[in-house]
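Here's the structure we're looking at; comments come further down.
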Amino acid sequence: MAEPFATSDPLPDSTGAPSATASAGTVEWVAPDALGPRVADLIAEGGRFVMLVGLDERSVSGAGLAVEAVVGRPDGGLARLRAGLPLEEPSYASISPLVPAAHWDEREVKDLFGIVPRGLPDPRRLVLHERWPRGYHPLRKDVPAAVRPPDAERHFVPFDVRGEGVYQLPVGPIHAGVIEPGHFRFSAIGERVLHLDARLFFVHRGLEKLVEGRSFGAALPIVERACGVCTVTHAVAYSQAVELLTRTTIPPRARWARVLLAELERLYNHVGDLGNICAGIGFQPAVSRFGWLKERLLRANDALTGHRYLTGVVAPGGLATDLDPDGLAVLPETLDAIGLELASAVRSIVRSEGVMGRFHGTGVVSADTATALGALGVAAKASGLGLDLRRDRPAGAYEELEIALVTASTGDVAARFHVRAQEAHESLRLVREAARRLPPGAIVAPLATTPLAGDSVLGAAEGPRGASWIWLRAAADGTIDRLHLRSASFANWPVVAAAVPGNLVPDFPLINKSFELCYACTDR
Amino acid sequence: MPLDVFDRLLRPLRSRPVTSRYPDEPPDLPAAARGLPELDPVRCDGSAACVSACPTGAIRLSDPVWSLDAGACIFCGACARACPRDAIRLGRQIELAVLERADLTIERAWRAEP
């Protein structure tokens, strides 16, 4: 059923497109209540839920709001279904009952746009906590970014589990350690967790509102800083979207450098996270060992780019700064040493029965749960789902690389430890190969054209925690009309909450660290 | 594994400290390090390209003062890339602590005698 809106998304010409991963797809307008059944049909045909994005159409077509569901087709293409909604009391039939992976997306769209998914199983607030006033929906175009709304006098009502012997254990949002804020409320009987309610979004900075009206270049530092440890992932996903929108082809050196940087990011994250898992059981010798390995990788990053966390290197059109020749020269030697030490450190963990006894059978996520909740990255692979954008929708120089996909079947902490350890070795190999094949030449190409107003595209990159997606639409003056970042952590947090019930309360830190998700890029 | 045990026992004897003597000795900064943006007052011609390139609005320019708010700078290097005369580079100054917020603003006279 067609809506009375013309689609403002012409098919981009596919020649010279930077990659298959950044892809426009065609937007199909559907009736609001047909959204759920259509998405469910696509998923039944082997598709995967990618994201739901809320839109204010007034800036483009002049009328109303909209929601767009994006589904990845098995052939690598994207299905984009958009439903137009009136400005007054916008609502549609919730898709979460059919597609559980969409439930945080729908709660977010409800908070930020005031679009109500009718029949949403959990209609509580997600992004905007109770101190935000009712009726305040900041991503609507008529809400000014710089005006602070008054505080509301309402209180958080936690998810309640009642019954004889059930007690609640609130943890956070301030934790004993230098970690991000999250409030975890355990409902437990004795030491067993019955239910975990994870309340995040304490670091919501309104980044998606902040980039609206900015040029593509001026938005990059903000997108890149959505979180501290996924900077390359987000910068690549964003840059690919901009390059597709402007029909820009990046130079070969930038294509290969992006692979090198993305794999370095995966490497230091995985190595650090292997240590964090050990910290979850207080096994300090391993924490120190992996910590020192991570430090050496950060110093290699610094020598290569001038930034330990690789910020400020990737930019729309290619790279902002070239890789340092001295840093490149010593890289193979550094990687060889780290590879040996990493293998030895992992071996010492795997051979320790005391450690593995805590890892095995803890925090199990079944393949069915991972599929239903839309798990990504390590969380998906550890439960046997072979999902990886580098293989499934290769972009840039990944098109020329064979990726050895690592999966495990047990879905427990041990499986997530194993997947990270194996992926780290694969990343070491890929960094070496990218460094060897890195061609000389220009690092950046000017953006070829100014995008058409209302043109929208998606960009994506496989980060250390899975696929992060950027949805991007251009405004009439060539600035950003709307940007949505759906990070891998956003997708995986509901999986953490599902992994905990049935486990002991003191195993939560271990389970949580086996996912090691970011709060900041979930919250934005 | 007995060999593993020996390896673990002997490791501390074989390895050397990985920490450095900073601040007694200068930090080991890589060549690519991005410290505080530095202005070459002789090269600067007051084009203000850095002012419009700065994503955080940390740079101001008047005649004859170029100023940088190090508290707003994110060390991205956009100013250095934008400068048509290569008058800015991200230097090697990384010790930026001050006692007063106002002291984070650095001022340079750009209309210097050649």
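In the structure tokens, the first chain shown is A, the next is B, and so on; residue numbers restart at 1 for each chain, and ligands run from 1 in the order shown.
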
- [ ] Would you kindly return, as a PyMOL selection string, each protein, DNA or RNA residue with an atom no farther than 12 Å from any atom of range 428-432 of chain A, considering only C-alpha atoms and excluding same-chain residues fewer than 2 positions away?
- [x] chain A and resi 256-268+270-271+297+300-301+328-340+342-343+390+397-398+400-404+421-426+434-438

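Every residue of chain A that lies within 7 Å of chain B is listed here, counting only C-alpha atoms: Ala218, Asp302, Ala303, Leu304, Thr305, Gly306, His307, Gly312 and Asp324 of chain A.
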
Would you mind exporting N, CA and C atoms of the selected residues as an mmCIF file, in the first residue's frame?
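Generated file (out_30.cif):
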```
data_model
loop_
_atom_site.group_PDB
_atom_site.id
_atom_site.type_symbol
_atom_site.label_atom_id
_atom_site.label_comp_id
_atom_site.auth_asym_id
_atom_site.auth_seq_id
_atom_site.Cartn_x
_atom_site.Cartn_y
_atom_site.Cartn_z
ATOM 1 N N ALA A 218 32.538 18.592 9.368
ATOM 2 C CA ALA A 218 32.416 19.087 10.739
ATOM 3 C C ALA A 218 31.745 18.065 11.654
ATOM 4 N N ASP A 302 49.963 4.732 18.391
ATOM 5 C CA ASP A 302 50.473 6.088 18.584
ATOM 6 C C ASP A 302 51.588 6.380 17.581
ATOM 7 N N ALA A 303 52.510 5.417 17.431
ATOM 8 C CA ALA A 303 53.629 5.614 16.514
ATOM 9 C C ALA A 303 53.146 5.722 15.068
ATOM 10 N N LEU A 304 52.063 5.027 14.774
ATOM 11 C CA LEU A 304 51.552 4.981 13.399
ATOM 12 C C LEU A 304 50.711 6.208 13.059
ATOM 13 N N THR A 305 49.928 6.693 14.033
ATOM 14 C CA THR A 305 48.931 7.717 13.720
ATOM 15 C C THR A 305 49.019 8.950 14.606
ATOM 16 N N GLY A 306 49.824 8.898 15.674
ATOM 17 C CA GLY A 306 49.868 10.021 16.603
ATOM 18 C C GLY A 306 48.736 9.983 17.605
ATOM 19 N N HIS A 307 47.959 8.907 17.638
ATOM 20 C CA HIS A 307 46.865 8.783 18.596
ATOM 21 C C HIS A 307 46.753 7.337 19.050
ATOM 22 N N GLY A 312 41.081 10.575 14.508
ATOM 23 C CA GLY A 312 41.570 11.633 13.621
ATOM 24 C C GLY A 312 42.368 11.133 12.439
ATOM 25 N N ASP A 324 52.374 7.042 9.651
ATOM 26 C CA ASP A 324 53.757 7.472 9.818
ATOM 27 C C ASP A 324 54.718 6.397 9.294
#
```

ask   = Which residues, written as a count of residues only, have at least one atom at most 7 Å from range 104-107 of chain A, with only C-alpha atoms counted and residues fewer than 5 positions away on the same chain left out?
value = 6

Could you jot down the CA of Val147 in chain A to CA of Pro173 in chain A separation for me, Å, one decimal place?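 CA of Pro173 in chain A lies 26.3 Å from CA of Val147 in chain A.
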
When you look at Ala70 in chain B with a cut-off of 6 Å (counting only C-alpha atoms), what residues show up, excluding the ones that are within fewer than 2 positions of it in the same chain? I need them as a PyMOL selection string. chain B and resi 68+72-73+104-105

**Prompt:** Do you have the CA of Val157 in chain A-CA of Pro509 in chain A distance handy?
**Reply:**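 Taking CA of Val157 in chain A and CA of Pro509 in chain A, their separation equals 24.0 Å.
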
Fewer than 5 positions away in the same chain doesn't count, so skip those; otherwise give me all residues within 10 Å of His418 in chain A, counting only C-alpha atoms, as a short mmCIF file (atom, residue, chain, number, x, y, z; two decimals) with N, CA and C atoms, in the first residue's frame.
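Saved the output as around.cif:
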```cif
data_model
loop_
_atom_site.label_atom_id
_atom_site.label_comp_id
_atom_site.auth_asym_id
_atom_site.auth_seq_id
_atom_site.Cartn_x
_atom_site.Cartn_y
_atom_site.Cartn_z
N LEU A 274 40.32 -9.72 26.48
CA LEU A 274 40.74 -11.01 27.04
C LEU A 274 41.20 -10.80 28.48
N VAL A 346 47.33 -16.73 26.13
CA VAL A 346 46.06 -17.44 25.95
C VAL A 346 46.22 -18.90 26.39
N VAL A 350 43.95 -21.11 29.01
CA VAL A 350 43.20 -22.29 28.60
C VAL A 350 43.63 -23.52 29.40
N VAL A 378 31.23 -10.70 18.35
CA VAL A 378 31.66 -11.78 19.23
C VAL A 378 30.46 -12.46 19.88
N ALA A 382 30.07 -16.44 19.16
CA ALA A 382 30.26 -17.39 20.25
C ALA A 382 29.05 -18.32 20.38
N VAL A 406 35.66 -16.96 12.64
CA VAL A 406 35.79 -17.76 13.87
C VAL A 406 34.42 -17.87 14.52
N THR A 407 33.98 -19.07 14.81
CA THR A 407 32.76 -19.21 15.59
C THR A 407 32.99 -20.27 16.67
N ALA A 408 32.08 -20.30 17.63
CA ALA A 408 32.08 -21.34 18.65
C ALA A 408 30.63 -21.74 18.82
N ASP A 412 28.93 -19.62 25.79
CA ASP A 412 29.24 -19.22 27.17
C ASP A 412 30.46 -18.28 27.20
N VAL A 413 30.91 -17.95 28.41
CA VAL A 413 32.06 -17.05 28.55
C VAL A 413 33.28 -17.66 27.86
N GLU A 423 40.18 -14.47 16.85
CA GLU A 423 40.03 -13.29 15.98
C GLU A 423 41.24 -12.37 16.10
N ALA A 424 41.82 -12.31 17.30
CA ALA A 424 42.99 -11.46 17.48
C ALA A 424 44.12 -11.95 16.58
#
```

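The two atoms in question, CA of Ala58 in chain B and CA of Val313 in chain A, are spaced 20.1 Å apart.
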
Out of chain B, which residues get strand (DSSP E) from DSSP, as an MDAnalysis selection string? chainID B and resid 37:39 59:61 65:69 88:90 105:109

Write the residues of the selection above to a file with C-alpha atoms, as a compact mmCIF listing (two decimals), in the first residue's frame.
```txt
# COMPACT_ATOMS: atom_id res chain seq x y z
CA PRO B 37 49.05 23.21 18.02
CA GLU B 38 51.94 25.64 17.55
CA LEU B 39 51.89 28.75 15.40
CA ILE B 59 40.99 29.32 17.73
CA ARG B 60 40.45 33.08 17.59
CA LEU B 61 42.26 35.61 15.48
CA VAL B 65 46.84 38.13 18.28
CA TRP B 66 46.24 34.47 17.43
CA SER B 67 44.80 32.60 20.40
CA LEU B 68 44.11 28.97 21.10
CA ASP B 69 41.95 27.63 23.91
CA ILE B 88 50.53 25.56 12.23
CA ARG B 89 51.77 22.17 13.29
CA LEU B 90 50.80 19.91 16.15
CA THR B 105 44.28 30.01 26.47
CA ILE B 106 47.54 30.57 24.65
CA GLU B 107 48.16 33.80 22.79
CA ARG B 108 50.70 34.48 20.06
CA ALA B 109 51.39 37.65 18.11
```
